[in-house]
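Shown below: run09.cif, with mmCIF, C-alpha atoms and all ligand atoms.
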data_coords
#
loop_
_atom_site.label_atom_id
_atom_site.label_comp_id
_atom_site.auth_asym_id
_atom_site.auth_seq_id
_atom_site.Cartn_x
_atom_site.Cartn_y
_atom_site.Cartn_z
CA MET H 1 -30.46 -21.53 8.32
CA ILE H 2 -28.34 -21.53 11.45
CA ALA H 3 -24.66 -20.66 11.02
CA GLU H 4 -22.01 -19.90 13.58
CA ILE H 5 -20.97 -16.25 13.47
CA ASN H 6 -17.81 -15.15 15.25
CA PHE H 7 -18.23 -11.62 16.60
CA ASP H 8 -14.78 -10.20 17.27
CA GLY H 9 -14.20 -7.25 19.54
CA VAL H 10 -12.58 -4.48 17.50
CA ILE H 11 -9.51 -3.54 19.53
CA GLY H 12 -10.09 -0.05 20.84
CA PRO H 13 -7.82 3.02 20.62
CA THR H 14 -7.01 2.89 24.36
CA HIS H 15 -5.38 -0.56 24.32
CA ASN H 16 -2.64 -0.42 26.98
CA TYR H 17 -0.77 -2.51 29.52
CA ALA H 18 -1.86 -1.47 33.01
CA GLY H 19 -1.56 -4.87 34.72
CA LEU H 20 -5.12 -4.81 35.98
CA SER H 21 -5.90 -8.54 36.14
CA PRO H 22 -4.33 -10.55 38.97
CA GLY H 23 -4.22 -14.21 37.98
CA ASN H 24 -3.72 -13.31 34.31
CA LEU H 25 0.03 -13.89 34.11
CA ALA H 26 0.60 -12.25 30.71
CA ALA H 27 -1.19 -9.05 31.78
CA THR H 28 0.63 -8.76 35.12
CA HIS H 29 3.97 -9.61 33.53
CA ASN H 30 3.57 -6.91 30.88
CA ALA H 31 2.33 -4.19 33.24
CA GLY H 32 3.93 -0.89 32.29
CA ALA H 33 5.03 -2.02 28.81
CA ILE H 34 4.46 0.25 25.80
CA ALA H 35 1.31 -0.74 23.91
CA ARG H 36 0.65 -0.24 20.20
CA PRO H 37 -3.11 0.27 19.78
CA ARG H 38 -3.00 0.77 16.00
CA ALA H 39 -0.96 -2.39 15.40
CA ALA H 40 -3.16 -4.24 17.89
CA ALA H 41 -6.36 -3.33 16.06
CA LEU H 42 -4.84 -4.16 12.66
CA GLN H 43 -3.81 -7.58 14.02
CA GLY H 44 -7.40 -8.16 15.11
CA ILE H 45 -8.67 -7.16 11.66
CA ALA H 46 -6.17 -9.52 9.98
CA LYS H 47 -7.46 -12.35 12.16
CA MET H 48 -11.03 -11.57 11.06
CA ARG H 49 -9.92 -11.56 7.43
CA ALA H 50 -8.35 -14.99 7.92
CA ASN H 51 -11.69 -16.26 9.28
CA VAL H 52 -13.56 -14.78 6.31
CA ALA H 53 -11.06 -16.44 3.95
CA LEU H 54 -11.83 -19.80 5.61
CA GLY H 55 -15.47 -19.29 4.60
CA LEU H 56 -16.72 -18.40 8.09
CA ALA H 57 -19.37 -15.81 8.93
CA GLN H 58 -17.86 -12.83 10.75
CA GLY H 59 -19.26 -10.05 12.89
CA VAL H 60 -17.90 -7.31 15.15
CA LEU H 61 -18.57 -5.78 18.53
CA LEU H 62 -17.41 -2.20 18.87
CA PRO H 63 -15.04 -0.60 21.36
CA HIS H 64 -16.68 1.11 24.31
CA PRO H 65 -16.54 4.85 25.06
CA ARG H 66 -13.28 5.25 27.01
CA PRO H 67 -12.55 6.74 29.42
CA ASP H 68 -15.86 5.67 30.89
CA HIS H 69 -17.12 9.02 32.18
CA GLN H 70 -20.42 7.52 33.35
CA TRP H 71 -18.54 5.14 35.63
CA LEU H 72 -16.33 7.90 36.99
CA THR H 73 -19.38 10.08 37.61
CA ALA H 74 -20.99 7.22 39.55
CA LEU H 75 -17.79 7.19 41.63
CA HIS H 76 -18.20 10.95 42.19
CA THR H 77 -15.06 11.93 40.34
CA ASP H 78 -13.90 12.79 36.83
CA TYR H 79 -10.97 11.82 34.64
CA ALA H 80 -8.84 14.86 35.50
CA SER H 81 -9.06 14.36 39.25
CA ALA H 82 -9.42 10.57 39.52
CA ALA H 83 -6.71 8.56 41.29
CA PRO H 84 -4.27 6.88 38.84
CA HIS H 85 -5.70 3.40 39.42
CA LEU H 86 -9.22 4.64 38.61
CA LYS H 87 -7.93 6.43 35.50
CA ALA H 88 -6.40 3.18 34.24
CA ARG H 89 -9.58 1.26 35.04
CA ALA H 90 -11.78 3.83 33.30
CA LEU H 91 -9.57 3.77 30.20
CA SER H 92 -9.15 0.01 29.68
CA ALA H 93 -9.90 -1.38 26.24
CA SER H 94 -10.84 -4.72 27.80
CA ALA H 95 -14.15 -4.91 25.90
CA MET H 96 -12.04 -6.24 22.99
CA TRP H 97 -12.23 -9.69 24.61
CA ALA H 98 -15.68 -10.48 23.27
CA ALA H 99 -15.69 -14.00 24.71
CA ASN H 100 -16.41 -12.23 27.98
CA ALA H 101 -19.28 -10.15 26.58
CA ALA H 102 -22.07 -12.67 27.10
CA THR H 103 -23.11 -16.31 27.37
CA VAL H 104 -24.98 -17.49 24.30
CA SER H 105 -27.44 -20.39 24.01
CA PRO H 106 -28.53 -21.04 20.42
CA ALA H 107 -32.23 -21.49 19.72
CA PRO H 108 -32.24 -25.32 19.43
CA ASP H 109 -31.11 -25.56 23.08
CA CYS H 110 -33.78 -23.26 24.48
CA ASP H 111 -37.29 -24.24 25.45
CA ASP H 112 -38.85 -21.25 23.66
CA GLY H 113 -36.96 -21.78 20.38
CA ARG H 114 -35.15 -18.45 20.66
CA CYS H 115 -31.44 -17.72 20.90
CA HIS H 116 -30.69 -16.35 24.39
CA LEU H 117 -27.81 -14.05 25.32
CA SER H 118 -26.93 -12.99 28.89
CA VAL H 119 -24.54 -10.08 29.20
CA ALA H 120 -21.70 -10.90 31.62
CA ASN H 121 -21.38 -8.83 34.81
CA LEU H 122 -17.56 -9.26 34.99
CA VAL H 123 -17.73 -8.11 38.63
CA THR H 124 -14.48 -9.74 39.76
CA MET H 125 -12.17 -7.24 38.04
CA PRO H 126 -12.99 -3.55 38.64
CA HIS H 127 -11.82 -2.48 35.16
CA ARG H 128 -14.18 -5.00 33.57
CA SER H 129 -17.12 -4.51 35.94
CA HIS H 130 -18.29 -1.40 34.06
CA GLU H 131 -18.28 -3.01 30.59
CA TRP H 132 -21.73 -4.53 30.73
CA PRO H 133 -23.97 -1.47 30.16
CA ASP H 134 -22.25 -0.68 26.84
CA THR H 135 -22.13 -4.34 25.87
CA LEU H 136 -25.82 -4.69 26.64
CA ALA H 137 -26.61 -1.64 24.48
CA GLN H 138 -24.77 -3.25 21.55
CA LEU H 139 -26.36 -6.67 22.04
CA ARG H 140 -29.81 -5.10 22.18
CA LEU H 141 -29.12 -3.41 18.83
CA ALA H 142 -27.41 -6.30 17.09
CA PHE H 143 -29.92 -8.90 18.29
CA ALA H 144 -33.10 -6.84 18.32
CA ASN H 145 -34.95 -9.40 16.18
CA ASP H 146 -37.61 -11.50 17.90
CA ALA H 147 -35.44 -14.55 17.22
CA PHE H 148 -33.34 -13.47 20.24
CA ARG H 149 -33.76 -12.78 23.93
CA VAL H 150 -31.08 -10.54 25.47
CA HIS H 151 -30.82 -10.67 29.27
CA ALA H 152 -29.46 -8.18 31.81
CA PRO H 153 -26.53 -9.40 33.93
CA VAL H 154 -26.78 -11.73 36.89
CA PRO H 155 -26.56 -9.59 40.06
CA ALA H 156 -23.36 -9.25 42.11
CA PRO H 157 -21.68 -10.85 43.97
CA PHE H 158 -22.06 -13.86 41.67
CA GLY H 159 -19.30 -13.29 39.13
CA ASP H 160 -20.03 -14.14 35.51
CA GLU H 161 -17.41 -14.03 32.75
CA GLY H 162 -19.61 -15.02 29.83
CA ALA H 163 -18.73 -17.47 27.06
CA ALA H 164 -15.13 -17.83 28.29
CA ASN H 165 -16.52 -20.22 30.91
CA HIS H 166 -19.12 -21.92 28.73
CA MET H 167 -18.83 -24.63 26.08
CA ARG H 168 -21.39 -26.10 23.72
CA LEU H 169 -21.17 -29.47 22.04
CA CYS H 170 -23.60 -30.48 19.32
CA ALA H 171 -24.08 -32.80 16.36
CA GLY H 172 -24.80 -29.78 14.14
CA HIS H 173 -25.77 -26.17 14.76
CA GLY H 174 -29.42 -26.89 14.08
CA ALA H 175 -29.55 -29.71 16.66
CA ALA H 176 -29.99 -29.40 20.43
CA GLY H 177 -26.57 -29.23 22.06
CA VAL H 178 -25.07 -30.00 25.43
CA GLU H 179 -24.16 -26.84 27.32
CA VAL H 180 -21.29 -27.00 29.78
CA PHE H 181 -20.86 -24.22 32.36
CA VAL H 182 -17.43 -24.20 34.00
CA TYR H 183 -17.13 -22.45 37.37
CA GLY H 184 -14.35 -21.92 39.88
CA GLU H 185 -14.19 -22.29 43.65
CA ALA H 186 -12.59 -19.48 45.67
CA GLY H 187 -9.55 -20.29 47.78
CA GLY H 188 -6.46 -20.36 45.56
CA PRO H 189 -3.88 -17.61 45.14
CA PHE H 190 -5.96 -15.97 42.39
CA PRO H 191 -9.65 -15.11 42.19
CA ALA H 192 -12.06 -17.67 40.76
CA ARG H 193 -14.01 -15.41 38.44
CA GLN H 194 -17.00 -17.59 37.52
CA HIS H 195 -19.46 -18.37 40.30
CA VAL H 196 -21.65 -21.46 40.03
CA GLU H 197 -24.75 -19.48 41.06
CA ALA H 198 -24.22 -17.17 38.08
CA SER H 199 -23.95 -20.17 35.77
CA ARG H 200 -27.11 -21.73 37.21
CA ALA H 201 -29.03 -18.45 36.89
CA ILE H 202 -28.06 -18.17 33.21
CA ALA H 203 -29.09 -21.75 32.49
CA ARG H 204 -32.51 -20.93 33.99
CA ALA H 205 -32.81 -17.64 32.10
CA HIS H 206 -31.98 -19.42 28.83
CA ARG H 207 -34.60 -22.12 29.50
CA LEU H 208 -32.09 -24.89 28.94
CA ASP H 209 -33.01 -28.53 29.32
CA PRO H 210 -31.51 -29.61 32.69
CA ALA H 211 -30.88 -33.06 31.21
CA ARG H 212 -28.51 -31.52 28.61
CA THR H 213 -26.79 -28.97 30.88
CA LEU H 214 -23.66 -29.65 32.95
CA PHE H 215 -22.02 -27.58 35.67
CA VAL H 216 -18.37 -28.48 35.90
CA GLU H 217 -15.75 -27.22 38.32
CA GLN H 218 -12.53 -25.83 36.92
CA SER H 219 -9.45 -27.31 38.60
CA ALA H 220 -7.88 -25.15 41.30
CA GLN H 221 -4.50 -26.19 39.90
CA ALA H 222 -5.36 -24.67 36.51
CA ILE H 223 -6.51 -21.38 38.07
CA ALA H 224 -3.37 -21.23 40.23
CA ALA H 225 -1.24 -21.83 37.12
CA GLY H 226 -2.83 -18.84 35.37
CA ALA H 227 -5.97 -20.25 33.70
CA PHE H 228 -8.14 -17.34 34.82
CA HIS H 229 -10.85 -18.47 32.39
CA ASN H 230 -11.73 -22.01 31.29
CA ASP H 231 -11.08 -21.05 27.66
CA VAL H 232 -7.37 -20.87 28.50
CA VAL H 233 -7.34 -24.68 28.97
CA ALA H 234 -10.30 -26.01 26.96
CA VAL H 235 -12.38 -25.31 23.85
CA ALA H 236 -15.29 -27.13 22.21
CA ASN H 237 -16.72 -27.23 18.71
CA GLY H 238 -19.31 -29.57 17.23
CA ARG H 239 -18.71 -33.03 18.69
CA THR H 240 -15.15 -32.21 19.78
CA LEU H 241 -13.93 -31.23 23.21
CA PHE H 242 -10.25 -30.20 23.16
CA ALA H 243 -8.88 -29.86 26.69
CA HIS H 244 -5.84 -30.13 28.89
CA GLU H 245 -5.96 -33.08 31.28
CA LEU H 246 -5.67 -30.71 34.27
CA ALA H 247 -8.46 -28.36 33.17
CA PHE H 248 -11.25 -29.78 35.35
CA ALA H 249 -11.50 -30.64 39.06
CA ASP H 250 -13.21 -33.99 38.36
CA ARG H 251 -12.23 -34.81 34.84
CA ASP H 252 -13.43 -38.43 34.87
CA GLY H 253 -16.81 -37.47 36.30
CA PHE H 254 -17.22 -34.74 33.69
CA TYR H 255 -16.25 -36.96 30.75
CA ALA H 256 -18.59 -39.73 31.95
CA ALA H 257 -21.52 -37.28 32.29
CA LEU H 258 -20.81 -35.85 28.85
CA ARG H 259 -20.58 -39.29 27.22
CA ALA H 260 -23.85 -40.30 28.87
CA ILE H 261 -25.67 -37.40 27.18
CA MET H 262 -23.71 -37.43 23.94
CA PRO H 263 -22.13 -40.83 23.20
CA GLU H 264 -20.63 -39.57 19.94
CA VAL H 265 -18.52 -36.87 21.69
CA GLU H 266 -14.83 -36.84 20.67
CA ILE H 267 -12.63 -35.88 23.60
CA VAL H 268 -9.18 -34.75 22.50
CA GLU H 269 -7.17 -34.52 25.66
CA VAL H 270 -3.61 -33.25 25.94
CA SER H 271 -1.66 -34.75 28.82
CA ALA H 272 0.64 -32.77 31.09
CA ALA H 273 3.46 -35.05 29.95
CA GLU H 274 2.94 -33.88 26.35
CA VAL H 275 2.30 -30.19 27.09
CA SER H 276 2.77 -28.89 30.64
CA LEU H 277 0.12 -26.64 32.11
CA ALA H 278 2.71 -23.82 32.09
CA ASP H 279 3.36 -24.31 28.34
CA ALA H 280 -0.36 -24.57 27.61
CA ILE H 281 -0.98 -21.28 29.41
CA SER H 282 1.96 -19.32 28.05
CA SER H 283 1.39 -20.51 24.44
CA TYR H 284 -2.45 -20.38 24.60
CA LEU H 285 -2.74 -23.70 22.74
CA PHE H 286 -6.34 -24.06 23.93
CA ASN H 287 -7.29 -20.40 23.52
CA ALA H 288 -7.76 -21.23 19.89
CA GLN H 289 -10.76 -20.94 17.63
CA LEU H 290 -11.84 -24.48 16.85
CA VAL H 291 -13.99 -24.10 13.75
CA SER H 292 -15.66 -26.29 11.15
CA THR H 293 -14.60 -24.98 7.75
CA PRO H 294 -16.25 -25.92 4.46
CA ALA H 295 -12.99 -26.77 2.70
CA ARG H 296 -10.58 -28.06 5.33
CA GLY H 297 -12.70 -29.69 7.99
CA GLN H 298 -12.21 -28.93 11.66
CA THR H 299 -9.47 -26.31 11.96
CA LEU H 300 -7.66 -24.95 15.02
CA ILE H 301 -6.81 -21.25 14.73
CA VAL H 302 -3.91 -20.68 17.11
CA PRO H 303 -1.81 -17.66 18.07
CA ARG H 304 1.75 -17.62 16.78
CA GLU H 305 2.97 -18.15 20.34
CA VAL H 306 1.89 -21.80 19.85
CA ARG H 307 4.32 -22.17 16.93
CA ASP H 308 7.05 -20.71 19.15
CA CYS H 309 6.38 -23.30 21.89
CA PRO H 310 8.04 -26.61 20.82
CA ALA H 311 5.88 -28.87 23.01
CA ALA H 312 2.59 -27.29 21.86
CA TRP H 313 3.57 -27.16 18.18
CA GLN H 314 4.82 -30.74 18.15
CA TRP H 315 1.56 -31.87 19.71
CA ILE H 316 -0.41 -30.16 16.92
CA GLU H 317 1.80 -31.55 14.17
CA ARG H 318 1.41 -35.08 15.54
CA HIS H 319 -2.35 -34.72 15.88
CA VAL H 320 -2.94 -33.26 12.42
CA ALA H 321 -0.65 -35.87 10.81
CA GLY H 322 -2.58 -38.63 12.59
CA ASN H 323 -6.24 -39.27 12.15
CA GLY H 324 -7.50 -36.96 14.87
CA PRO H 325 -10.65 -34.82 14.71
CA ILE H 326 -8.62 -31.62 14.20
CA ARG H 327 -7.69 -31.68 10.53
CA ALA H 328 -5.78 -28.43 10.04
CA VAL H 329 -4.08 -25.61 11.89
CA GLU H 330 -4.05 -21.91 11.06
CA VAL H 331 -1.66 -19.45 12.75
CA VAL H 332 -2.66 -15.84 13.48
CA ASP H 333 -0.70 -12.95 14.98
CA VAL H 334 -2.57 -11.22 17.81
CA ARG H 335 0.56 -10.48 19.83
CA GLU H 336 -0.62 -7.13 21.24
CA SER H 337 -3.76 -8.72 22.70
CA MET H 338 -1.85 -11.83 23.80
CA ALA H 339 0.41 -9.66 25.93
CA ASN H 340 -2.71 -8.82 27.98
CA GLY H 341 -3.75 -12.48 28.15
CA GLY H 342 -6.19 -12.36 25.23
CA GLY H 343 -5.79 -15.00 22.50
CA PRO H 344 -7.81 -15.74 19.35
CA ALA H 345 -10.65 -17.32 21.34
CA CYS H 346 -10.85 -14.43 23.83
CA LEU H 347 -11.33 -11.97 21.00
CA ARG H 348 -14.50 -13.58 19.67
CA LEU H 349 -18.06 -14.33 20.78
CA ARG H 350 -19.74 -17.18 18.94
CA VAL H 351 -23.41 -16.83 18.10
CA ALA H 352 -25.07 -19.67 16.21
CA CYS H 353 -28.14 -18.17 14.55
CA ASP H 354 -29.67 -17.24 11.22
CA PRO H 355 -27.41 -14.38 9.98
CA ALA H 356 -30.45 -12.76 8.35
CA THR H 357 -31.82 -12.02 11.85
CA VAL H 358 -28.74 -10.00 12.93
CA ASP H 359 -28.51 -6.22 12.43
CA PRO H 360 -26.28 -6.11 9.32
CA ARG H 361 -24.23 -3.23 10.72
CA PHE H 362 -22.59 -5.76 13.04
CA LEU H 363 -21.64 -8.16 10.23
CA VAL H 364 -18.47 -7.73 8.19
CA ASP H 365 -16.98 -8.83 4.91
CA ASP H 366 -13.65 -7.80 3.38
CA ARG H 367 -15.06 -4.47 2.29
CA ARG H 368 -16.31 -3.50 5.74
CA LEU H 369 -13.06 -4.70 7.26
CA ASP H 370 -11.26 -2.34 4.85
CA LEU H 371 -13.42 0.48 6.19
CA ILE H 372 -12.56 -0.37 9.81
CA ALA H 373 -8.86 -0.64 8.91
CA GLU H 374 -8.96 2.80 7.28
CA VAL H 375 -10.38 4.41 10.42
CA VAL H 376 -7.89 2.57 12.63
CA SER H 377 -4.95 3.60 10.44
CA GLU H 378 -6.03 7.22 10.49
CA TYR H 379 -7.12 7.69 14.10
CA TRP H 380 -5.74 5.02 16.47
CA PRO H 381 -2.69 6.13 18.50
CA GLU H 382 0.50 4.42 17.48
CA VAL H 383 1.70 3.90 21.05
CA ILE H 384 0.41 4.28 24.60
CA ALA H 385 3.05 4.32 27.33
CA PRO H 386 2.09 4.33 31.03
CA ASP H 387 2.87 8.04 31.42
CA HIS H 388 0.49 8.95 28.55
CA ILE H 389 -2.53 7.82 30.54
CA GLY H 390 -3.02 11.14 32.31
CA GLU H 391 -2.53 13.31 29.21
CA PRO H 392 -5.57 15.30 28.00
CA GLU H 393 -4.25 15.12 24.39
CA LEU H 394 -4.42 11.34 24.48
CA ILE H 395 -7.97 11.43 25.81
CA ALA H 396 -9.12 13.87 23.13
CA ARG H 397 -7.50 11.69 20.50
CA VAL H 398 -9.01 8.36 21.59
CA GLU H 399 -12.48 9.83 21.95
CA LYS H 400 -12.29 11.26 18.45
CA ALA H 401 -11.05 7.91 17.14
CA TRP H 402 -13.94 6.04 18.75
CA ARG H 403 -16.53 8.43 17.32
CA ALA H 404 -14.96 8.16 13.86
CA LEU H 405 -15.35 4.37 13.89
CA LEU H 406 -18.97 4.41 15.04
CA ARG H 407 -19.83 7.00 12.40
CA ALA H 408 -18.09 4.98 9.69
CA LEU H 409 -20.12 1.91 10.63
CA ASP H 410 -23.35 3.92 10.85
CA LEU H 411 -23.76 3.17 14.56
CA VAL H 412 -24.16 6.72 15.84
CA GLU H 413 -26.92 5.73 18.27
CA LEU H 414 -24.17 4.15 20.38
CA ILE H 415 -22.41 7.53 20.56
CA ASP H 416 -25.47 9.28 21.90
CA ARG H 417 -26.41 6.56 24.37
O1 LIG H 501 -9.98 -10.28 31.76
N1 LIG H 501 -7.09 -8.95 30.29
C1 LIG H 501 -8.30 -9.73 30.16
C2 LIG H 501 -8.08 -10.88 29.22
C3 LIG H 501 -9.37 -11.59 28.91
C4 LIG H 501 -9.17 -12.83 28.14
N2 LIG H 501 -10.40 -13.42 27.81
C5 LIG H 501 -10.65 -14.74 27.77
N3 LIG H 501 -9.83 -15.62 28.28
N4 LIG H 501 -11.76 -15.13 27.25
C6 LIG H 501 -8.76 -10.23 31.53
O2 LIG H 501 -7.91 -10.59 32.35
C7 LIG H 501 -5.80 -7.03 31.05
C8 LIG H 501 -5.96 -5.52 30.99
C9 LIG H 501 -4.88 -4.77 31.71
O3 LIG H 501 -4.27 -5.35 32.61
O4 LIG H 501 -4.70 -3.59 31.41
C10 LIG H 501 -7.11 -7.75 30.90
O5 LIG H 501 -8.13 -7.26 31.31
#

Starting from the file, give its structure as structure tokens.
Amino acid sequence: MIAEINFDGVIGPTHNYAGLSPGNLAATHNAGAIARPRAAALQGIAKMRANVALGLAQGVLLPHPRPDHQWLTALHTDYASAAPHLKARALSASAMWAANAATVSPAPDCDDGRCHLSVANLVTMPHRSHEWPDTLAQLRLAFANDAFRVHAPVPAPFGDEGAANHMRLCAGHGAAGVEVFVYGEAGGPFPARQHVEASRAIARAHRLDPARTLFVEQSAQAIAAGAFHNDVVAVANGRTLFAHELAFADRDGFYAALRAIMPEVEIVEVSAAEVSLADAISSYLFNAQLVSTPARGQTLIVPREVRDCPAAWQWIERHVAGNGPIRAVEVVDVRESMANGGGPACLRLRVACDPATVDPRFLVDDRRLDLIAEVVSEYWPEVIAPDHIGEPELIARVEKAWRALLRALDLVELIDR
């Protein structure tokens, strides 16, 4: 039986605000702020608990070894002598944003009847470009069953940011879906992170049906306004596409192509008059988890910043009170991640598959979430300020914390990789 599992990135002990992502307005705005890794990780765990309470299947991806000594060695340096910008980039906890871990095509979409995953190369941002080897190691463990095919990254220079630039619409998880790859064109004030050649390569690797696969350009206006990934301005679930009217370069062409393949699609569009692009991006209205819940129907899981944004909140209240496809709203607090531009949707990777085929060490229930919370409460630093980044005591502490979590979850083979 195919179910959608949300794999959330456990927020690592090195979570900090180094301002490493140009084009991500929250991250650059909060550069140099004091981060609270323990609170951040507990917020992420509370969000997972809320998903479990809604009756959804939940999994985890683990923090990466940080600082990344292998990366520094490849750069012919080490943590003690590295330049400050390399230190920050080696220490980043950015693997928490699991939506950027991989692109996933569930088995019903793929010619060979297997679920395909392609690890994202994340080459556009130096601090993220060295995530993929550790992500790939985890994906190969979690999805070792023959029901899956796990692919190495698309080669540089074709940037790939994973599921954050990919949407799937379907009548049901067991049915063939329509896969939509959203890419950007270079030329604006900020980098376009997803290259169309990367998207096309992944569609080929996943053996998708060209007749049910769309390549759609993200609007330059959205990227310039701070939508560094498509999932900042659009999200899809089941038959529903929920998007801002300025999300796509050729919105009418995209909608027409989508309707031609899937006449029953429900497009819920928010106009700029209702919610400006600036409000959509600062509140993260679209960086929500849109999920089908057994009890409440289609539910939008939004960050609390949406409730604090009058235009976004009023839009939701109107929609839910009316007869729209989104039946309920759930508010979660992931403020620490949000301050680095990572909302509820960034923190999770969706994999629609038979849960029995996944390595159970990557699946969680309330009891395993308790275990993770215990390790976090005991080992995660309370704060990381910019001037802590060079301190050997901090490094010893975060490395111990990381090992403690992997031991607790019985994933020691990731320590010895
Ligand atoms: O890649 N922030 C991440 C946020 C990723 C959000 N993911 C999705 N939209 N799916 C990024 O820009 C900031 C880290 C720092 O600046 O220290 C950062 O990497």

Report as an mmCIF file with C-alpha atoms, keeping the file's coordinate frame which protein, DNA and RNA residues come within 9 Å of ligand LIG 501 (chain H), using all atoms listed in the file.
data_model
loop_
_atom_site.group_PDB
_atom_site.id
_atom_site.type_symbol
_atom_site.label_atom_id
_atom_site.label_comp_id
_atom_site.auth_asym_id
_atom_site.auth_seq_id
_atom_site.Cartn_x
_atom_site.Cartn_y
_atom_site.Cartn_z
ATOM 1 C CA HIS H 15 -5.380 -0.560 24.320
ATOM 2 C CA ASN H 16 -2.640 -0.420 26.980
ATOM 3 C CA TYR H 17 -0.770 -2.510 29.520
ATOM 4 C CA ALA H 18 -1.860 -1.470 33.010
ATOM 5 C CA GLY H 19 -1.560 -4.870 34.720
ATOM 6 C CA LEU H 20 -5.120 -4.810 35.980
ATOM 7 C CA SER H 21 -5.900 -8.540 36.140
ATOM 8 C CA PRO H 22 -4.330 -10.550 38.970
ATOM 9 C CA GLY H 23 -4.220 -14.210 37.980
ATOM 10 C CA ASN H 24 -3.720 -13.310 34.310
ATOM 11 C CA LEU H 25 0.030 -13.890 34.110
ATOM 12 C CA ALA H 26 0.600 -12.250 30.710
ATOM 13 C CA ALA H 27 -1.190 -9.050 31.780
ATOM 14 C CA THR H 28 0.630 -8.760 35.120
ATOM 15 C CA ASN H 30 3.570 -6.910 30.880
ATOM 16 C CA ALA H 31 2.330 -4.190 33.240
ATOM 17 C CA ALA H 88 -6.400 3.180 34.240
ATOM 18 C CA ARG H 89 -9.580 1.260 35.040
ATOM 19 C CA LEU H 91 -9.570 3.770 30.200
ATOM 20 C CA SER H 92 -9.150 0.010 29.680
ATOM 21 C CA ALA H 93 -9.900 -1.380 26.240
ATOM 22 C CA SER H 94 -10.840 -4.720 27.800
ATOM 23 C CA ALA H 95 -14.150 -4.910 25.900
ATOM 24 C CA MET H 96 -12.040 -6.240 22.990
ATOM 25 C CA TRP H 97 -12.230 -9.690 24.610
ATOM 26 C CA ALA H 98 -15.680 -10.480 23.270
ATOM 27 C CA ALA H 99 -15.690 -14.000 24.710
ATOM 28 C CA ASN H 100 -16.410 -12.230 27.980
ATOM 29 C CA LEU H 122 -17.560 -9.260 34.990
ATOM 30 C CA MET H 125 -12.170 -7.240 38.040
ATOM 31 C CA HIS H 127 -11.820 -2.480 35.160
ATOM 32 C CA ARG H 128 -14.180 -5.000 33.570
ATOM 33 C CA GLU H 161 -17.410 -14.030 32.750
ATOM 34 C CA GLY H 162 -19.610 -15.020 29.830
ATOM 35 C CA ALA H 163 -18.730 -17.470 27.060
ATOM 36 C CA ALA H 164 -15.130 -17.830 28.290
ATOM 37 C CA ASN H 165 -16.520 -20.220 30.910
ATOM 38 C CA ALA H 227 -5.970 -20.250 33.700
ATOM 39 C CA PHE H 228 -8.140 -17.340 34.820
ATOM 40 C CA HIS H 229 -10.850 -18.470 32.390
ATOM 41 C CA ASN H 230 -11.730 -22.010 31.290
ATOM 42 C CA ASP H 231 -11.080 -21.050 27.660
ATOM 43 C CA VAL H 232 -7.370 -20.870 28.500
ATOM 44 C CA ASN H 287 -7.290 -20.400 23.520
ATOM 45 C CA SER H 337 -3.760 -8.720 22.700
ATOM 46 C CA MET H 338 -1.850 -11.830 23.800
ATOM 47 C CA ALA H 339 0.410 -9.660 25.930
ATOM 48 C CA ASN H 340 -2.710 -8.820 27.980
ATOM 49 C CA GLY H 341 -3.750 -12.480 28.150
ATOM 50 C CA GLY H 342 -6.190 -12.360 25.230
ATOM 51 C CA GLY H 343 -5.790 -15.000 22.500
ATOM 52 C CA PRO H 344 -7.810 -15.740 19.350
ATOM 53 C CA ALA H 345 -10.650 -17.320 21.340
ATOM 54 C CA CYS H 346 -10.850 -14.430 23.830
ATOM 55 C CA LEU H 347 -11.330 -11.970 21.000
ATOM 56 C CA ARG H 348 -14.500 -13.580 19.670
#

Please identify every residue of range 347-387 of chain H that has at least one atom no farther than 12 Å from an atom of range 50-63 of chain H, counting all atoms listed in the file, and for each give the shortest atom pair and the distance in Å to one decimal, arranged by chain then increasing number, as a Markdown table.
| residue | atom | partner | partner_atom | distance |
| --- | --- | --- | --- | --- |
| H:Leu347 | CA | H:Leu61 | CA | 9.8 |
| H:Arg348 | CA | H:Val60 | CA | 8.4 |
| H:Leu349 | CA | H:Leu61 | CA | 8.9 |
| H:Arg350 | CA | H:Gly59 | CA | 9.4 |
| H:Val351 | CA | H:Gly59 | CA | 9.5 |
| H:Ala352 | CA | H:Ala57 | CA | 10.0 |
| H:Cys353 | CA | H:Ala57 | CA | 10.7 |
| H:Asp354 | CA | H:Ala57 | CA | 10.6 |
| H:Pro355 | CA | H:Ala57 | CA | 8.2 |
| H:Ala356 | CA | H:Ala57 | CA | 11.5 |
| H:Val358 | CA | H:Gly59 | CA | 9.5 |
| H:Asp359 | CA | H:Gly59 | CA | 10.0 |
| H:Pro360 | CA | H:Gly59 | CA | 8.8 |
| H:Arg361 | CA | H:Gly59 | CA | 8.7 |
| H:Phe362 | CA | H:Val60 | CA | 5.4 |
| H:Leu363 | CA | H:Gly59 | CA | 4.0 |
| H:Val364 | CA | H:Gly59 | CA | 5.3 |
| H:Asp365 | CA | H:Val52 | CA | 7.0 |
| H:Asp366 | CA | H:Val52 | CA | 7.6 |
| H:Arg367 | CA | H:Val52 | CA | 11.2 |
| H:Arg368 | CA | H:Gly59 | CA | 10.1 |
| H:Leu369 | CA | H:Val60 | CA | 9.6 |
| H:Ile372 | CA | H:Val60 | CA | 10.3 |
| H:Val376 | CA | H:Pro63 | CA | 11.7 |
| H:Trp380 | CA | H:Pro63 | CA | 11.9 |

query: So how far away is CA of Ile316 in chain H from CA of Ala272 in chain H, in Å?
result: 14.4 Å
